[in-house]
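Peer 1: As input, take entry.cif (mmCIF, C-alpha atoms):
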```
data_structure
#
loop_
_atom_site.label_atom_id
_atom_site.label_comp_id
_atom_site.auth_asym_id
_atom_site.auth_seq_id
_atom_site.Cartn_x
_atom_site.Cartn_y
_atom_site.Cartn_z
CA MET A 1 60.43 149.77 122.48
CA THR A 2 64.19 149.12 122.34
CA THR A 3 66.20 146.75 120.21
CA PRO A 4 67.04 143.70 122.33
CA SER A 5 70.70 143.33 123.26
CA PHE A 6 72.59 140.12 122.60
CA ARG A 7 72.30 139.32 126.30
CA ASP A 8 68.50 139.61 125.92
CA VAL A 9 68.54 137.35 122.86
CA GLU A 10 70.64 134.83 124.74
CA GLN A 11 68.15 134.88 127.60
CA LEU A 12 65.21 134.55 125.22
CA SER A 13 66.89 131.60 123.47
CA ALA A 14 67.51 129.85 126.79
CA PHE A 15 63.95 130.72 127.87
CA LEU A 16 62.64 128.94 124.75
CA ASP A 17 64.55 125.82 125.71
CA GLY A 18 63.49 125.95 129.36
CA GLN A 19 67.08 126.51 130.49
CA LEU A 20 66.46 129.49 132.82
CA SER A 21 66.10 129.31 136.55
CA GLN A 22 62.69 130.11 138.01
CA ALA A 23 63.81 133.60 139.06
CA GLU A 24 65.34 134.42 135.64
CA LYS A 25 62.26 133.07 133.93
CA ALA A 26 59.91 135.22 136.01
CA ARG A 27 61.96 138.37 135.40
CA LEU A 28 62.14 137.75 131.66
CA GLU A 29 58.43 136.98 131.38
CA ALA A 30 57.66 140.30 133.04
CA ARG A 31 59.91 142.15 130.57
CA ILE A 32 58.39 140.35 127.59
CA GLN A 33 54.94 141.46 128.76
CA SER A 34 55.99 145.08 128.83
CA ASP A 35 58.39 145.21 125.85
CA PRO A 36 56.95 144.40 122.39
CA ALA A 37 60.46 144.28 120.88
CA LEU A 38 61.41 141.45 123.25
CA ALA A 39 58.16 139.67 122.45
CA ALA A 40 58.85 140.00 118.70
CA ALA A 41 62.42 138.75 119.14
CA LEU A 42 61.12 135.78 121.10
CA ALA A 43 58.62 135.01 118.34
CA ASP A 44 61.38 135.18 115.70
CA LEU A 45 63.62 132.83 117.64
CA HIS A 46 60.71 130.49 118.25
CA GLN A 47 59.87 130.32 114.57
CA ALA A 48 63.48 129.90 113.50
CA ARG A 49 63.72 126.97 115.89
CA ALA A 50 60.43 125.54 114.62
CA ILE A 51 61.73 125.61 111.03
CA LEU A 52 64.94 123.88 112.03
CA ARG A 53 62.95 121.21 113.82
CA ARG A 54 61.11 120.56 110.57
CA THR A 55 64.33 119.73 108.76
CA PRO A 56 63.53 116.48 106.97
CA LYS A 57 65.36 113.36 108.03
CA ARG A 58 67.25 111.72 105.21
CA HIS A 59 67.14 107.99 104.60
CA LEU A 60 70.38 106.19 105.18
CA PRO A 61 72.34 105.25 102.06
CA HIS A 62 73.14 101.93 103.75
CA ASN A 63 73.50 100.38 107.16
CA PHE A 64 76.62 101.30 109.08
CA THR A 65 77.00 98.02 110.94
CA LEU A 66 80.60 96.92 111.21
CA THR A 67 82.09 93.88 109.57
CA LEU A 68 84.78 91.84 111.30
CA LYS A 69 87.37 93.47 109.08
CA MET A 70 86.18 96.99 109.91
CA ALA A 71 86.24 96.17 113.60
CA GLY A 72 89.75 94.76 113.24
CA ILE A 73 88.69 91.36 114.54
CA ARG A 74 90.64 88.40 113.15
CA PRO A 75 89.49 84.78 113.27
CA PRO A 76 90.85 83.04 116.37
CA VAL A 77 94.00 81.00 115.85
CA PRO A 78 92.97 77.35 115.36
CA ARG A 79 94.00 74.95 118.13
CA LEU A 80 95.92 72.94 115.57
CA VAL A 81 98.27 75.81 114.79
CA PRO A 82 101.17 74.33 116.80
CA ALA A 83 100.68 71.03 115.00
CA LEU A 84 100.53 72.89 111.71
CA GLY A 85 103.78 74.59 112.62
CA TRP A 86 105.45 71.24 113.23
CA ALA A 87 103.99 69.85 110.03
CA SER A 88 105.42 72.79 108.13
CA ALA A 89 108.81 72.28 109.75
CA VAL A 90 108.82 68.57 108.90
CA ALA A 91 107.69 69.32 105.38
CA MET A 92 110.48 71.86 105.00
CA LEU A 93 113.03 69.38 106.36
CA LEU A 94 111.87 66.71 103.95
CA PHE A 95 112.02 69.17 101.12
CA ILE A 96 115.59 70.10 101.97
CA LEU A 97 116.54 66.42 102.28
CA THR A 98 114.94 65.71 98.95
CA LEU A 99 116.74 68.58 97.35
CA GLY A 100 120.02 67.51 98.92
CA THR A 101 119.63 63.90 97.83
CA ASN A 102 118.77 64.98 94.35
CA LEU A 103 121.81 67.22 94.24
CA LEU A 104 124.10 64.48 95.57
CA GLY A 105 122.74 62.07 93.00
CA GLN A 106 123.48 64.54 90.24
CA ILE A 107 127.03 65.11 91.54
CA SER A 108 127.76 61.39 91.72
CA PHE A 109 126.29 60.88 88.27
CA GLY A 110 128.44 63.72 86.94
CA ALA A 111 131.57 62.11 88.45
CA SER A 112 130.92 58.79 86.75
CA ALA A 113 130.13 60.34 83.40
CA PRO A 114 133.78 61.15 82.38
CA MET A 115 134.78 57.60 83.15
CA MET A 116 132.11 56.34 80.84
CA ALA A 117 133.21 58.79 78.21
CA ALA A 118 136.77 57.41 78.41
CA ALA A 119 135.55 54.05 77.24
CA PRO A 120 136.07 52.92 73.61
CA MET A 121 133.51 55.40 72.44
CA THR A 122 136.25 58.00 72.02
CA SER A 123 138.51 55.75 69.97
CA GLU A 124 135.72 54.15 68.09
CA GLY A 125 134.11 57.35 67.13
CA PHE A 126 130.49 57.58 66.38
CA GLY A 127 129.75 60.18 63.81
CA LEU A 128 126.74 62.16 62.96
CA GLY A 129 125.84 63.04 59.41
CA GLY A 130 126.43 61.32 56.12
CA GLY A 131 123.94 58.68 56.96
CA LEU A 132 124.35 55.38 58.60
CA ALA A 133 127.64 53.82 57.61
CA SER A 134 129.68 50.83 58.48
CA THR A 135 133.26 51.80 57.86
CA GLN A 136 136.64 51.07 59.10
CA VAL A 137 137.73 53.05 61.98
CA PRO A 138 141.34 54.09 62.05
CA GLY A 139 143.28 52.45 64.75
CA THR A 140 141.04 49.42 64.97
CA ASP A 141 141.50 45.91 63.65
CA ASN A 142 139.23 46.52 60.72
CA THR A 143 136.38 44.74 62.33
CA GLN A 144 133.17 45.33 60.55
CA VAL A 145 130.74 46.95 62.91
CA THR A 146 127.20 45.85 62.74
CA PRO A 147 124.95 48.82 62.82
CA THR A 148 122.16 48.97 65.24
CA VAL A 149 119.72 51.70 65.93
CA GLU A 150 120.30 51.87 69.62
CA ALA A 151 122.24 55.07 69.87
CA PHE A 152 124.39 57.49 67.96
CA VAL A 153 126.94 59.90 69.16
CA ILE A 154 129.08 62.50 67.49
CA THR A 155 132.56 61.29 66.83
CA ALA A 156 135.60 62.90 68.27
CA PRO A 157 137.13 65.35 65.78
CA GLU A 158 140.36 63.38 65.35
CA ALA A 159 138.51 60.24 64.37
CA THR A 160 137.36 61.62 61.04
CA SER A 161 138.92 63.59 58.32
CA PRO A 162 137.97 67.26 58.16
CA GLY A 163 134.66 67.92 56.56
CA GLN A 164 133.61 64.37 56.97
CA THR A 165 131.45 63.12 59.68
CA ARG A 166 130.48 59.59 60.01
CA LEU A 167 127.79 57.82 61.81
CA VAL A 168 128.67 54.53 63.29
CA ALA A 169 126.42 52.34 65.27
CA PRO A 170 127.63 50.95 68.55
CA THR A 171 127.95 47.29 69.09
CA ALA A 172 127.74 45.24 72.16
CA ASN A 173 131.41 44.48 72.36
CA LEU A 174 132.59 48.03 71.62
CA VAL A 175 130.29 50.14 73.70
CA PRO A 176 129.90 49.38 77.35
CA LYS A 177 126.34 49.22 78.41
CA ALA A 178 125.55 52.21 80.61
CA THR A 179 124.16 51.07 83.89
CA PRO A 180 120.78 52.71 84.54
CA GLU A 181 120.79 55.57 87.02
CA PRO A 182 119.73 54.27 90.42
CA VAL A 183 116.19 55.22 91.27
CA HIS A 184 116.14 57.31 94.42
CA ILE A 185 113.15 55.71 96.01
CA TRP A 186 113.50 57.87 99.12
CA LEU A 187 113.31 60.95 97.03
CA TYR A 188 109.85 60.03 95.84
CA ILE A 189 108.75 58.93 99.28
CA TRP A 190 109.85 62.18 100.89
CA LEU A 191 108.36 64.28 98.16
CA GLY A 192 105.05 62.46 98.51
CA LEU A 193 105.14 62.75 102.30
CA ALA A 194 105.88 66.46 102.14
CA ALA A 195 103.04 67.02 99.70
CA VAL A 196 100.64 65.08 101.89
CA LEU A 197 101.67 67.00 105.00
CA ILE A 198 101.28 70.36 103.29
CA ALA A 199 97.89 69.35 101.89
CA VAL A 200 96.72 68.18 105.33
CA ALA A 201 97.93 71.42 106.93
CA LEU A 202 96.10 73.52 104.36
CA LEU A 203 92.92 71.47 104.70
CA ILE A 204 92.92 71.81 108.48
CA ARG A 205 93.47 75.56 108.25
CA ARG A 206 90.70 75.94 105.71
CA ALA A 207 88.31 73.87 107.77
CA SER A 208 88.99 75.89 110.93
CA ILE A 209 88.48 79.22 109.11
CA GLN A 210 85.24 77.96 107.58
CA ALA A 211 84.05 76.78 110.98
CA PHE A 212 84.78 80.24 112.43
CA ARG A 213 82.97 82.00 109.61
CA ARG A 214 79.98 79.70 110.02
CA LYS A 215 79.92 80.40 113.71
CA VAL A 216 80.12 84.17 113.25
CA GLY A 217 77.56 84.10 110.48
CA ILE A 218 75.03 82.25 112.61
CA LYS A 219 75.66 84.61 115.49
CA ARG A 220 75.28 87.73 113.36
CA ASN A 221 71.98 86.58 111.90
CA LYS A 222 70.43 86.00 115.30
CA MET B 1 68.35 93.71 125.53
CA ASP B 2 68.78 97.09 127.22
CA GLU B 3 71.37 99.68 126.20
CA PRO B 4 73.75 99.35 129.19
CA THR B 5 73.96 95.57 128.65
CA LEU B 6 74.64 96.04 124.95
CA ILE B 7 77.34 98.60 125.72
CA ARG B 8 78.94 96.31 128.29
CA ASP B 9 78.92 93.36 125.87
CA ALA B 10 80.31 95.54 123.11
CA GLN B 11 83.07 96.70 125.45
CA HIS B 12 84.00 93.03 125.83
CA GLY B 13 84.37 92.74 122.07
CA ASP B 14 80.88 91.52 121.15
CA LEU B 15 80.44 92.91 117.66
CA ASP B 16 76.80 91.83 117.46
CA ALA B 17 75.98 93.89 120.53
CA PHE B 18 77.77 96.89 119.05
CA ASN B 19 75.99 96.47 115.72
CA THR B 20 72.65 96.50 117.58
CA LEU B 21 73.68 99.89 118.99
CA VAL B 22 74.73 101.00 115.49
CA LEU B 23 71.28 100.15 114.15
CA ALA B 24 69.69 102.16 116.95
CA TYR B 25 71.83 105.27 116.44
CA GLN B 26 72.87 105.24 112.78
CA ASP B 27 69.98 107.47 111.77
CA ILE B 28 70.85 110.33 114.13
CA VAL B 29 74.57 109.91 113.47
CA TYR B 30 74.18 110.09 109.68
CA ASN B 31 71.72 112.98 109.74
CA THR B 32 73.94 114.95 112.13
CA ALA B 33 76.92 114.42 109.82
CA LEU B 34 74.80 115.38 106.82
CA ARG B 35 73.73 118.69 108.37
CA ILE B 36 77.27 119.55 109.44
CA LEU B 37 78.95 118.52 106.19
CA GLY B 38 76.16 119.07 103.66
CA ASP B 39 77.34 116.22 101.45
CA GLU B 40 75.82 112.75 101.38
CA ASP B 41 78.93 110.78 100.47
CA GLN B 42 81.15 112.57 102.93
CA SER B 43 78.50 112.16 105.62
CA ALA B 44 78.27 108.43 104.96
CA ASP B 45 82.06 108.16 105.16
CA ALA B 46 82.18 110.22 108.37
CA SER B 47 79.41 108.11 109.92
CA GLN B 48 81.14 104.85 109.08
CA GLU B 49 84.43 106.23 110.35
CA ALA B 50 82.71 107.36 113.54
CA PHE B 51 81.27 103.91 114.24
CA ILE B 52 84.62 102.26 113.63
CA SER B 53 86.33 104.74 115.96
CA ALA B 54 83.57 104.31 118.53
CA PHE B 55 83.99 100.52 118.56
CA ARG B 56 87.74 100.84 119.02
CA ALA B 57 87.42 103.48 121.74
CA LEU B 58 84.44 101.93 123.47
CA ASN B 59 86.37 101.26 126.65
CA SER B 60 86.83 105.01 127.08
CA TYR B 61 83.06 105.37 127.51
CA ARG B 62 82.47 105.88 131.22
CA GLY B 63 78.70 106.12 131.41
CA GLY B 64 76.36 109.07 130.85
CA SER B 65 74.53 109.70 127.61
CA PHE B 66 75.74 107.15 125.09
CA ARG B 67 74.04 109.15 122.36
CA ALA B 68 76.11 112.21 123.27
CA TRP B 69 79.30 110.13 123.42
CA LEU B 70 78.56 108.68 119.99
CA LEU B 71 77.70 112.08 118.53
CA ARG B 72 81.00 113.45 119.80
CA THR B 73 82.73 110.78 117.74
CA VAL B 74 80.80 111.72 114.62
CA THR B 75 81.32 115.47 115.07
CA ASN B 76 85.05 114.81 115.40
CA ALA B 77 84.90 112.77 112.19
CA CYS B 78 83.05 115.68 110.53
CA TYR B 79 85.68 118.18 111.68
CA ASP B 80 88.37 115.93 110.21
CA GLU B 81 86.43 115.80 106.97
CA LEU B 82 86.02 119.59 106.91
CA ARG B 83 89.75 120.04 107.49
CA ARG B 84 90.45 117.65 104.62
CA LYS B 85 88.02 119.60 102.46
CA GLN B 86 89.81 122.86 103.29
CA ARG B 87 93.14 121.37 102.33
CA ARG B 88 91.78 119.92 99.09
CA PRO B 89 88.87 122.06 97.89
CA THR B 90 86.48 120.24 95.59
CA THR B 91 84.29 121.48 92.76
CA PRO B 92 81.41 123.80 93.67
CA LEU B 93 78.13 122.16 94.57
CA GLU B 94 76.12 124.46 92.35
CA PRO B 95 74.89 122.79 89.16
CA GLU B 96 76.54 123.92 85.93
CA THR B 97 75.38 124.36 82.35
CA ASP B 98 77.09 122.63 79.45
CA ASP B 99 79.27 125.71 79.11
CA GLY B 100 80.44 125.40 82.68
CA ASP B 101 78.43 128.38 83.99
CA GLU B 102 76.75 128.07 87.36
CA VAL B 103 72.99 127.65 87.27
CA GLU B 104 71.33 129.79 89.87
CA THR B 105 68.28 127.97 91.15
CA PRO B 106 66.05 128.50 94.17
CA ARG B 107 67.71 125.44 95.55
CA TRP B 108 70.86 127.46 96.15
CA LEU B 109 69.79 131.04 95.97
CA ALA B 110 66.68 132.79 97.18
CA ASP B 111 64.79 134.29 94.28
CA PRO B 112 62.50 137.12 95.42
CA ASN B 113 60.66 137.16 92.08
CA ALA B 114 59.64 133.51 92.11
CA SER B 115 56.16 132.51 93.17
CA PRO B 116 56.08 131.08 96.69
CA GLU B 117 53.48 128.48 95.73
CA GLU B 118 55.75 127.02 93.04
CA GLN B 119 58.64 126.54 95.40
CA LEU B 120 56.86 125.55 98.54
CA ASN B 121 57.89 121.96 99.02
CA GLN B 122 59.88 119.91 101.39
CA ALA B 123 63.00 119.60 99.29
CA GLU B 124 63.34 123.33 98.80
CA LEU B 125 62.83 123.99 102.49
CA GLU B 126 65.52 121.47 103.26
CA HIS B 127 67.94 123.07 100.85
CA ALA B 128 67.21 126.52 102.24
CA ILE B 129 67.94 125.30 105.75
CA GLN B 130 71.09 123.54 104.58
CA HIS B 131 72.27 126.64 102.77
CA CYS B 132 71.81 128.75 105.89
CA LEU B 133 73.49 126.15 108.06
CA GLU B 134 76.51 126.11 105.79
CA ASN B 135 76.84 129.88 106.16
CA LEU B 136 77.35 129.47 109.89
CA PRO B 137 80.77 128.95 111.47
CA THR B 138 81.34 125.25 112.13
CA ASP B 139 81.11 125.55 115.92
CA PHE B 140 77.76 127.36 115.73
CA ARG B 141 76.47 124.97 113.10
CA THR B 142 77.30 121.94 115.22
CA VAL B 143 75.51 123.36 118.24
CA VAL B 144 72.37 124.31 116.34
CA VAL B 145 72.27 120.96 114.53
CA LEU B 146 72.57 119.07 117.79
CA ALA B 147 70.12 121.20 119.78
CA ASP B 148 67.48 122.24 117.26
CA ILE B 149 67.59 119.53 114.61
CA GLN B 150 68.51 116.48 116.71
CA GLY B 151 66.80 117.68 119.87
CA LEU B 152 69.63 117.24 122.38
CA ASP B 153 69.45 119.22 125.60
CA TYR B 154 72.14 121.71 126.58
CA SER B 155 74.02 119.30 128.83
CA GLU B 156 74.21 116.67 126.07
CA VAL B 157 75.39 119.26 123.55
CA ALA B 158 78.01 120.34 126.09
CA VAL B 159 79.27 116.74 126.27
CA VAL B 160 79.41 116.46 122.50
CA VAL B 161 81.35 119.66 121.88
CA LYS B 162 83.28 119.54 125.18
CA LYS B 163 82.29 123.08 126.17
CA PRO B 164 80.48 124.46 129.21
CA VAL B 165 76.72 124.86 129.11
CA GLY B 166 77.14 128.66 129.17
CA THR B 167 79.06 128.50 125.90
CA ILE B 168 76.39 126.29 124.37
CA LYS B 169 73.70 128.79 125.40
CA SER B 170 75.61 131.66 123.85
CA ARG B 171 76.48 129.84 120.61
CA LEU B 172 72.93 128.64 120.18
CA ALA B 173 71.52 132.16 120.58
CA ARG B 174 73.97 133.55 118.02
CA ALA B 175 73.34 130.69 115.63
CA ARG B 176 69.57 131.15 115.85
CA LEU B 177 69.91 134.87 115.21
CA ARG B 178 72.00 134.32 112.12
CA LEU B 179 69.73 131.56 110.87
CA ARG B 180 66.71 133.76 111.34
CA GLU B 181 68.28 136.44 109.15
CA CYS B 182 69.33 133.92 106.53
CA LEU B 183 65.98 132.14 106.46
CA GLN B 184 64.21 135.44 105.92
CA SER B 185 65.76 135.59 102.45
CA PHE B 186 64.08 132.26 101.74
CA ARG B 187 60.71 133.28 103.14
CA GLU B 188 58.92 132.28 99.94
CA LEU B 189 60.03 128.73 100.48
CA LEU B 190 58.81 128.50 104.03
CA PRO B 191 55.45 126.99 104.87
CA ALA B 192 52.92 129.73 105.69
CA ALA B 193 52.73 128.70 109.32
CA PHE B 194 56.46 129.23 109.67
CA ARG B 195 56.86 132.60 107.97
CA LEU B 196 59.16 134.62 110.13
CA GLU B 197 57.85 137.53 112.09
CA GLY B 198 60.49 139.75 110.54
CA GLU B 199 58.84 139.67 107.15
CA ARG B 200 55.83 141.56 108.51
CA ASP B 201 57.99 144.62 108.56
CA LEU B 202 59.35 144.15 105.05
#
```
Re-express the file's structure as structure tokens.

Peer 2:
Amino acid sequence: MTTPSFRDVEQLSAFLDGQLSQAEKARLEARIQSDPALAAALADLHQARAILRRTPKRHLPHNFTLTLKMAGIRPPVPRLVPALGWASAVAMLLFILTLGTNLLGQISFGASAPMMAAAPMTSEGFGLGGGLASTQVPGTDNTQVTPTVEAFVITAPEATSPGQTRLVAPTANLVPKATPEPVHIWLYIWLGLAAVLIAVALLIRRASIQAFRRKVGIKRNK
Amino acid sequence: MDEPTLIRDAQHGDLDAFNTLVLAYQDIVYNTALRILGDEDQSADASQEAFISAFRALNSYRGGSFRAWLLRTVTNACYDELRRKQRRPTTPLEPETDDGDEVETPRWLADPNASPEEQLNQAELEHAIQHCLENLPTDFRTVVVLADIQGLDYSEVAVVVKKPVGTIKSRLARARLRLRECLQSFRELLPAAFRLEGERDL
């Protein structure tokens, strides 16, 4: 009885798994019959393999099915994407126009403001503080000014003595009536149109994504 | 639907077809990863990673055993995980006391003084096998897990590990020898019918 070599063990292992040719198998079987050490080694290998085959199977912690995200699949681009692109472009254009119009309006308003300020308001002087007063204004023809509660402005510094501020109400003949700022009707129209276009674009996009998800969901639950 | 049809549909991007294949093979994939890695969380991660990689590389499948092709993906994922583990070693798996000392239990260490009847149960057998598997070099462990635990034949194992059948035969014989020696130290945990012959001489 000799200790089996590694070559013998390799043969025995392959013999167990039915991986030997007929000739090899016959030769090895004859040796096993005559050599108890080979027979014992074969029994050991057989039992080791039997134990391994009894290794319990573990339950899965969860299913490993792939989600769309895992698989790197994105929802198909909706057919309306080109239209959405145009809508976005138009919306952007309208926005810029709106912004430009608004800016131009402000510039023109700013240009007219100094002219309005050059009106009698500067010479008349409307003061703040000291309460409502009807006083003579230097440099005027001593006309009594009827106070109203329409508006008050701070007088120019030279119109009053230091430390004294006066509040004078404007009158119709002294203060020119400021014309109301023109309402930029187009501004509101464009803003509204842009908002509507953006809302429509978003709604269409949302609807197409929902439709895709519904479709995939139905398919996955089949 | 048969497997070749599912594979073909999956190759054309049908995720439902691929997920049907996942459901069919997830058990063997996860259990293979578990025996190679020995850690449930890492095995789950490796399995998921393997299925994602498999879906993306499905067009590289050119026929043959789909099971072997899939298991090659998971063994690669396991090797990646083992390399990561080597780079960033984690805490030992052995349980610890409140003082931080390791608790030596039959789960991790064979105790020759313990009664066999007390420890003879499925969980302990599993842990003994896992302990012995983890003592094997990775290449040997993979081969023995695939052949003896998952029941693949030599040619399938050869596909999985990309080695000739002769190498598989040799690795399997060495792995079985080493496992036999290791399992002998756990003989008390083994069911009576599976006591190793070697213990007769002890």

Peer 1: Could you tell me which of A:Leu187, A:Val200, A:Leu104, A:Leu16 comes closest to Ala43 of chain A if we count all atoms listed in the file?

Peer 2: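 Once distances to Ala43 of chain A are computed over all atoms listed in the file, the minimum belongs to A:Leu16.
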
Peer 1: Kindly resolve the PyMOL selection byres ((chain B and resi 26) around 9) on the present coordinates and return the residues as a list in words.

Peer 2: Leu60, Asn63, Phe64 and Thr65 of chain A; Leu21, Val22, Leu23, Ala24, Tyr25, Asp27, Ile28, Val29, Tyr30, Asn31, Ser47 and Phe51 of chain B

Peer 1: Please, which residues in chain A fall within 7 Å of chain B when counting all atoms listed in the file, and what is the closest atom pair and distance in Å to one decimal for each, ordered by chain then residue number, as JSON lines?

Peer 2:
```
{"residue": "A:Val9", "atom": "CA", "partner": "B:Ala173", "partner_atom": "CA", "distance": 6.4}
{"residue": "A:Glu10", "atom": "CA", "partner": "B:Ala173", "partner_atom": "CA", "distance": 5.0}
{"residue": "A:Ser13", "atom": "CA", "partner": "B:Ala173", "partner_atom": "CA", "distance": 5.5}
{"residue": "A:Ala14", "atom": "CA", "partner": "B:Lys169", "partner_atom": "CA", "distance": 6.4}
{"residue": "A:Ala43", "atom": "CA", "partner": "B:Glu197", "partner_atom": "CA", "distance": 6.8}
{"residue": "A:Asp44", "atom": "CA", "partner": "B:Glu197", "partner_atom": "CA", "distance": 5.6}
{"residue": "A:Leu45", "atom": "CA", "partner": "B:Arg176", "partner_atom": "CA", "distance": 6.4}
{"residue": "A:Gln47", "atom": "CA", "partner": "B:Phe194", "partner_atom": "CA", "distance": 6.1}
{"residue": "A:Ala48", "atom": "CA", "partner": "B:Arg180", "partner_atom": "CA", "distance": 5.5}
{"residue": "A:Arg49", "atom": "CA", "partner": "B:Asp148", "partner_atom": "CA", "distance": 6.2}
{"residue": "A:Ile51", "atom": "CA", "partner": "B:Phe194", "partner_atom": "CA", "distance": 6.5}
{"residue": "A:Leu52", "atom": "CA", "partner": "B:Ile149", "partner_atom": "CA", "distance": 5.7}
{"residue": "A:Arg53", "atom": "CA", "partner": "B:Ile149", "partner_atom": "CA", "distance": 5.0}
{"residue": "A:Thr55", "atom": "CA", "partner": "B:Glu126", "partner_atom": "CA", "distance": 5.9}
{"residue": "A:Pro56", "atom": "CA", "partner": "B:Glu126", "partner_atom": "CA", "distance": 6.5}
{"residue": "A:Lys57", "atom": "CA", "partner": "B:Asn31", "partner_atom": "CA", "distance": 6.6}
{"residue": "A:Arg58", "atom": "CA", "partner": "B:Asn31", "partner_atom": "CA", "distance": 6.5}
{"residue": "A:Leu60", "atom": "CA", "partner": "B:Asp27", "partner_atom": "CA", "distance": 6.7}
{"residue": "A:Phe64", "atom": "CA", "partner": "B:Gln48", "partner_atom": "CA", "distance": 5.7}
{"residue": "A:Thr65", "atom": "CA", "partner": "B:Asn19", "partner_atom": "CA", "distance": 5.1}
{"residue": "A:Leu66", "atom": "CA", "partner": "B:Asn19", "partner_atom": "CA", "distance": 6.5}
{"residue": "A:Met70", "atom": "CA", "partner": "B:Ile52", "partner_atom": "CA", "distance": 6.6}
{"residue": "A:Ala71", "atom": "CA", "partner": "B:Ile52", "partner_atom": "CA", "distance": 6.3}
{"residue": "A:Arg220", "atom": "CA", "partner": "B:Asp16", "partner_atom": "CA", "distance": 6.0}
```

Peer 1: Apply the PyMOL selection byres ((chain A and resi 97) around 12) to the file shown and report the selected residues as a list of chain:residue names.

Peer 2: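 What the PyMOL selection byres ((chain A and resi 97) around 12) grabs from the file is A:Val90, A:Ala91, A:Met92, A:Leu93, A:Leu94, A:Phe95, A:Ile96, A:Thr98, A:Leu99, A:Gly100, A:Thr101, A:Asn102, A:Leu103, A:Leu104, A:Gly105, A:Trp186, A:Leu187, A:Tyr188, A:Ile189, A:Trp190, A:Leu191, A:Leu193, A:Ala194.
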
Peer 1: Please determine, counting all atoms listed in the file, which residue among A:Arg74, A:Ala37, A:Gly192, A:Ile185 has the shortest atom-to-atom distance to Ile209 of chain A.

Peer 2: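 Closest residue, counting all atoms listed in the file: A:Arg74.
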
Peer 1: To test the calculation: enclose all listed atoms of segment 154-159 of chain B in a box whose edges run along x, y and z, add 4 Å on each side, then state centre and edge lengths in Å to one decimal, as AutoDock Vina command-line options.

Peer 2:
```
--center_x 75.7 --center_y 119.2 --center_z 126.2 --size_x 15.1 --size_y 13.0 --size_z 13.3
```

Peer 1: Which one of B:Val143, B:Leu152, B:Leu58, B:Cys78 sits closest to Thr167 of chain B if you count only C-alpha atoms?

Peer 2: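 Looking at the shortest contact to Thr167 of chain B, the residue is B:Val143.
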
Peer 1: Counting only C-alpha atoms, which residue out of A:Lys69, A:Ala89, A:Arg205, A:Gln11 sits closest to Leu38 of chain A?

Peer 2: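 When distances to Leu38 of chain A are compared using only C-alpha atoms, the smallest one comes from A:Gln11.
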
Peer 1: Grab the atom CA of Leu28 of chain A to atom CA of Leu42 of chain A distance for me, in Å with one decimal place.

Peer 2: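 Taking atom CA of Leu28 of chain A and atom CA of Leu42 of chain A, their separation equals 10.8 Å.
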
Peer 1: With a distance cut-off of 6 Å and only C-alpha atoms, select the neighbouring residues of Asn59 of chain B, excluding the residue or stretch itself and same-chain residues fewer than 2 positions from it, and output the selection as an MDAnalysis selection string.

Peer 2: chainID B and resid 11 57 61
